[in-house]
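Take a look at the structure below.
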Amino acid sequence: MSTEQPKSGFVTIERASYRYDAAGPTVVDAIDWTIPRGEIHCLLGRSGCGKTTLLKLAAGLLMPSEGAIRIGDEALAGPSPRAGFVFQAPTLLDWLSALDNVLLPVSLKRRPTIADKDAALDLLERVGLADFAMRRPAELSGGQQSRVAVARALIGNPDLLLLDEPFAALDALTREELQDDLLRLCALNGTTALFVTHDIGEAVYLADTVAVMAAGRVTHVRRIELARPRHRDMRYAPGFIAACRALRDAMDGAATASRRPAA
Ligand SMILES: Nc1ncnc2c1ncn2[C@@H]1O[C@H](COP(=O)(O)OP(=O)(O)O)[C@@H](O)[C@H]1O
Ligand SMILES: [Mg+2]
C-alpha cells in the first residue's frame, strides 16, 4: 500500500525519463511536472527536443524508463482511457465521413449507439462543422480536418486532452480560430490539457503555464497571468508581448546551453 500523500495535481509526472533503446540517448530526462485539474499547460520547444515523446508518456502510449506518470490517483500502466489525443497530422481515415471519423474511438470498441451518434453530431456542431458531417476528409479543408480531429479526441468526454502541434500546418488566421475553439471547449467541460507547440504566441495565448523544453529537459517554466476567457485583442497587450519575449529568451538560452560543448 502506498504511504504517499495525495498529490494536488491531476496529471503528475514524477522524474520521468525515456530512452527508445537501452543503449541510446535519454530523450526525456528526469522531468517533473504537475498539471492541476482544468488547467491548460503548453510544452514549447524546438523540433527534436523530446516533446512528442513526453506527450506519449503522458498518454500512456509509452512507458517511462524511470519515474512515473499519474492521472488522478492512478499510475499509468498503459494507454489511458481518460485521455484524448490529437496528433500533429489530423490522421483521419479517408474512407470514413467526418461523423464516422469522430465516432472511430467508439466503433473500435463496440457498435455506436444512437446516443453516441448524437454526441458526435453535437461535437461537430461545436467545432462549426454541423453541415459537414457526411463529408469525407478529402472534401474538407485542412482547418476543417483539424476540427474533426479535435472533435474525435473529445468523443469519450476525456478528463485530459493531449495535443501534439495540432494546428501547425494551418494558416495563421485559421490557427487562431481553432485556438479559440479549443479554449471554449476546454472551458465548457473543465478539460485539463497538455498542448505541444513550437509557436510561442500560441503557447502564451492558450496556457496557464508554459514549460520550455530543450534536449529532454524542462529548462524554464512560466505562469501566464492573462485573464480568461482569452480574447484575440490580448495578443497585442503588453503582458502578452512581454511573456512572448521572455519565452523566446528562455528558448535561445536553452539552445545555447544545449549546444555548448561538454567541459
Ligand atoms: N521511435 C523512435 N525511435 C528512436 N528515436 C526516436 C523515436 N522517436 C523519436 N526519436 C528521437 O527522439 C528525439 C525526440 O523526438 P520527439 O519526441 O519526436 O521530439 P519533438 O516532438 O520535440 O520534435 C529525437 O532525437 C528523435 O530522433
Ligand atoms: Mg513532435
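Letters for chains follow the order of the C-alpha cells (A, B, ...), residue numbers begin at 1 for each chain, and ligand numbers begin at 1 in the order shown.
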
For stretch 107-109 of chain A: contacts at 12 Å, only C-alpha atoms, fewer than 3 positions along chain excluded, given as a short mmCIF file (atom, residue, chain, number, x, y, z; two decimals) with C-alpha atoms, in the first residue's frame:
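Contents of the output file out.cif:
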```cif
data_model
loop_
_atom_site.label_atom_id
_atom_site.label_comp_id
_atom_site.auth_asym_id
_atom_site.auth_seq_id
_atom_site.Cartn_x
_atom_site.Cartn_y
_atom_site.Cartn_z
CA PRO A 81 -8.97 5.73 -21.28
CA LEU A 96 -14.99 7.47 -43.50
CA LEU A 99 -19.11 11.76 -38.44
CA ASP A 100 -17.67 8.24 -38.64
CA ASN A 101 -14.18 9.59 -38.02
CA VAL A 102 -15.40 11.28 -34.83
CA LEU A 103 -17.10 8.01 -33.84
CA LEU A 104 -13.98 5.93 -34.54
CA PRO A 112 -22.00 3.03 -31.78
CA THR A 113 -25.47 3.73 -30.39
CA ASP A 116 -23.03 8.07 -29.49
CA LYS A 117 -24.05 9.39 -32.88
CA ALA A 120 -20.63 13.06 -32.27
CA ARG A 152 -12.73 12.89 -32.27
CA ILE A 155 -15.88 11.98 -28.09
CA GLY A 156 -15.18 9.92 -24.96
#
```

Counting only C-alpha atoms and all ligand atoms, which residues in chain A sit no more than 8 Å from ligand 1? For each one, give the nearest pair of atoms and the distance in Å, sorted by chain then residue number, as CSV.
```
residue,atom,partner,partner_atom_place_in_ligand_line,distance
A:Arg19,CA,ligand 1,5 (N),7.9
A:Tyr20,CA,ligand 1,4 (C),5.0
A:Asp21,CA,ligand 1,4 (C),7.2
A:Val27,CA,ligand 1,12 (O),5.3
A:Val28,CA,ligand 1,14 (C),7.8
A:Gly45,CA,ligand 1,22 (O),6.4
A:Arg46,CA,ligand 1,22 (O),6.0
A:Ser47,CA,ligand 1,23 (O),3.7
A:Gly48,CA,ligand 1,23 (O),3.4
A:Cys49,CA,ligand 1,22 (O),4.0
A:Gly50,CA,ligand 1,17 (O),3.2
A:Lys51,CA,ligand 1,22 (O),3.8
A:Thr52,CA,ligand 1,21 (O),3.7
A:Thr53,CA,ligand 1,17 (O),3.7
A:Leu54,CA,ligand 1,17 (O),6.5
A:Asp164,CA,ligand 1,21 (O),7.9
A:Gly216,CA,ligand 1,14 (C),7.5
```

Residues as selected, C-alpha atoms, written as a PDB file, in the first residue's frame, can you do that?
```pdb
ATOM      1  CA  ARG A  19      15.142   6.091 -23.884  1.00  0.00           C
ATOM      2  CA  TYR A  20      13.983   4.490 -27.130  1.00  0.00           C
ATOM      3  CA  ASP A  21      16.640   1.844 -26.665  1.00  0.00           C
ATOM      4  CA  VAL A  27      15.220  11.603 -24.889  1.00  0.00           C
ATOM      5  CA  VAL A  28      13.162  12.629 -21.837  1.00  0.00           C
ATOM      6  CA  GLY A  45      10.428  23.651 -27.692  1.00  0.00           C
ATOM      7  CA  ARG A  46      12.372  23.174 -30.879  1.00  0.00           C
ATOM      8  CA  SER A  47      11.977  20.190 -33.139  1.00  0.00           C
ATOM      9  CA  GLY A  48      13.668  17.078 -31.767  1.00  0.00           C
ATOM     10  CA  CYS A  49      13.817  18.171 -28.101  1.00  0.00           C
ATOM     11  CA  GLY A  50      11.502  15.351 -26.910  1.00  0.00           C
ATOM     12  CA  LYS A  51       8.039  16.980 -26.839  1.00  0.00           C
ATOM     13  CA  THR A  52       6.184  14.203 -28.668  1.00  0.00           C
ATOM     14  CA  THR A  53       7.919  11.573 -26.554  1.00  0.00           C
ATOM     15  CA  LEU A  54       6.837  13.311 -23.339  1.00  0.00           C
ATOM     16  CA  ASP A 164       0.726  17.416 -30.424  1.00  0.00           C
ATOM     17  CA  GLY A 216      14.934  16.300 -22.990  1.00  0.00           C
TER      18      GLY A 216
END
```

**Asked** Taking the backbone alone, and naming residues the way the document does, which bits of stretch 16-251 of chain A are helix (DSSP H, G or I) by DSSP, as number ranges by chain?
**Response** A: 51-59, 98-107, 114-126, 130-132, 137-139, 142-154, 172-189, 200-206, 232-236, 238-251

Next, dump the selected residues to file, keeping only C-alpha atoms, as a tab-separated table (two decimals), in the first residue's frame.
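Saved as part.tsv:
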```tsv
chain	number	residue	atom	x	y	z
A	51	LYS	CA	8.04	16.98	-26.84
A	52	THR	CA	6.18	14.20	-28.67
A	53	THR	CA	7.92	11.57	-26.55
A	54	LEU	CA	6.84	13.31	-23.34
A	55	LEU	CA	3.26	13.62	-24.63
A	56	LYS	CA	3.19	9.91	-25.47
A	57	LEU	CA	4.39	9.16	-21.95
A	58	ALA	CA	1.54	11.29	-20.55
A	59	ALA	CA	-0.91	9.38	-22.78
A	98	ALA	CA	-16.41	13.25	-40.68
A	99	LEU	CA	-19.11	11.76	-38.44
A	100	ASP	CA	-17.67	8.24	-38.64
A	101	ASN	CA	-14.18	9.59	-38.02
A	102	VAL	CA	-15.40	11.28	-34.83
A	103	LEU	CA	-17.10	8.01	-33.84
A	104	LEU	CA	-13.98	5.93	-34.54
A	105	PRO	CA	-12.76	5.62	-30.91
A	106	VAL	CA	-16.22	4.26	-30.02
A	107	SER	CA	-16.57	1.95	-33.03
A	114	ILE	CA	-27.88	6.50	-31.38
A	115	ALA	CA	-26.66	8.39	-28.28
A	116	ASP	CA	-23.03	8.07	-29.49
A	117	LYS	CA	-24.05	9.39	-32.88
A	118	ASP	CA	-25.92	12.31	-31.28
A	119	ALA	CA	-22.84	13.10	-29.16
A	120	ALA	CA	-20.63	13.06	-32.27
A	121	LEU	CA	-23.03	15.33	-34.18
A	122	ASP	CA	-23.12	17.66	-31.18
A	123	LEU	CA	-19.31	17.84	-31.15
A	124	LEU	CA	-19.20	18.51	-34.88
A	125	GLU	CA	-21.66	21.33	-34.33
A	126	ARG	CA	-19.50	22.73	-31.54
A	130	ALA	CA	-22.70	20.82	-38.38
A	131	ASP	CA	-23.19	20.87	-42.16
A	132	PHE	CA	-20.14	18.75	-42.94
A	137	PRO	CA	-11.70	14.14	-45.29
A	138	ALA	CA	-10.70	14.84	-48.94
A	139	GLU	CA	-13.76	17.11	-49.18
A	142	GLY	CA	-7.04	21.47	-43.57
A	143	GLY	CA	-8.67	23.53	-40.81
A	144	GLN	CA	-11.88	21.51	-41.05
A	145	GLN	CA	-9.89	18.27	-40.84
A	146	SER	CA	-8.17	19.55	-37.70
A	147	ARG	CA	-11.58	20.39	-36.23
A	148	VAL	CA	-12.72	16.81	-36.89
A	149	ALA	CA	-9.57	15.52	-35.15
A	150	VAL	CA	-10.31	17.70	-32.09
A	151	ALA	CA	-13.94	16.51	-32.04
A	152	ARG	CA	-12.73	12.89	-32.27
A	153	ALA	CA	-10.42	13.38	-29.28
A	154	LEU	CA	-13.36	14.74	-27.26
A	172	ALA	CA	-2.24	31.84	-39.08
A	173	LEU	CA	-5.87	33.03	-39.07
A	174	THR	CA	-7.35	29.52	-39.11
A	175	ARG	CA	-4.94	28.59	-36.33
A	176	GLU	CA	-6.19	31.47	-34.20
A	177	GLU	CA	-9.81	30.43	-34.77
A	178	LEU	CA	-9.02	26.87	-33.73
A	179	GLN	CA	-7.21	28.11	-30.63
A	180	ASP	CA	-10.39	29.96	-29.64
A	181	ASP	CA	-12.49	26.85	-30.34
A	182	LEU	CA	-10.19	24.74	-28.20
A	183	LEU	CA	-10.26	27.20	-25.29
A	184	ARG	CA	-14.05	27.32	-25.45
A	185	LEU	CA	-14.39	23.52	-25.48
A	186	CYS	CA	-11.93	23.05	-22.61
A	187	ALA	CA	-13.67	25.73	-20.52
A	188	LEU	CA	-17.07	24.20	-21.21
A	189	ASN	CA	-16.08	20.76	-19.94
A	200	ILE	CA	5.49	30.98	-28.77
A	201	GLY	CA	2.36	33.11	-29.37
A	202	GLU	CA	0.19	30.02	-29.48
A	203	ALA	CA	1.63	28.80	-26.18
A	204	VAL	CA	1.06	32.14	-24.42
A	205	TYR	CA	-2.48	32.52	-25.80
A	206	LEU	CA	-3.60	29.08	-24.66
A	232	ARG	CA	-7.79	37.98	-29.68
A	233	ASP	CA	-7.09	41.58	-28.65
A	234	MET	CA	-4.95	40.19	-25.82
A	235	ARG	CA	-2.36	39.16	-28.40
A	236	TYR	CA	-1.36	42.82	-28.62
A	238	PRO	CA	1.93	44.47	-23.22
A	239	GLY	CA	1.69	41.48	-20.84
A	240	PHE	CA	1.28	39.09	-23.77
A	241	ILE	CA	4.22	40.53	-25.66
A	242	ALA	CA	6.41	40.51	-22.54
A	243	ALA	CA	5.61	36.84	-21.94
A	244	CYS	CA	6.47	36.00	-25.58
A	245	ARG	CA	9.77	37.81	-25.29
A	246	ALA	CA	10.72	36.11	-22.01
A	247	LEU	CA	9.91	32.70	-23.50
A	248	ARG	CA	11.92	33.48	-26.62
A	249	ASP	CA	14.90	34.44	-24.45
A	250	ALA	CA	14.45	31.21	-22.47
A	251	MET	CA	14.41	29.19	-25.71
```

**Asked** Counting only C-alpha atoms and all ligand atoms, which of A:Pro166, A:Pro25, A:Pro79, A:Pro64 gets nearest to ligand 2?
**Response**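 Smallest separation from ligand 2 among the options: A:Pro166.
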
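With only C-alpha atoms and all ligand atoms as the atoms that count, the minimum distance from ligand 2 to the choices A:Thr197, A:Thr12, A:Thr192, A:Thr26 is reached by A:Thr197.
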
**Request:** Work out how far apart atom CA of A:Val11 and atom CA of A:Ala207 are and give it in Å to one decimal.
**Result:**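 Atom CA of A:Ala207 lies 15.3 Å from atom CA of A:Val11.
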
**Asked** Pick the closest to ligand 2 from A:Leu43, A:Val212, A:Ala133, A:Leu140: which is it, counting only C-alpha atoms and all ligand atoms?
**Response** A:Leu43

**Message:** Measuring between only C-alpha atoms, which one of A:His41, A:Arg82, A:Arg15, A:Arg110 shows the shortest distance to A:Ala68?
**Reply:** A:Arg15

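The nearest approach to ligand 2 among the residues A:Arg70, A:Arg37, A:His198, A:Arg135, with only C-alpha atoms and all ligand atoms taken into account, belongs to A:His198.
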
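Here atom CA of A:Ala30 is placed at a distance of 7.7 Å from atom CA of A:Glu14.
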
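Using only C-alpha atoms for every distance, the candidate list A:Ile40, A:Leu129, A:Ala16, A:Leu161 yields A:Leu161 as the residue closest to A:Val86.
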
**Computed interatomic separation between atom CA of A:Met134 and atom CA of A:Leu162 (Å)** =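 About the pair atom CA of A:Met134 and atom CA of A:Leu162: they are 26.3 Å apart.
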
**Asked** A:Gly72: which residues within 12 Å, counting only C-alpha atoms, same-chain residues fewer than 4 positions away excluded, as a PyMOL selection string?
**Response** chain A and resi 6-13+34-37+76+80+82-83+159-160+192
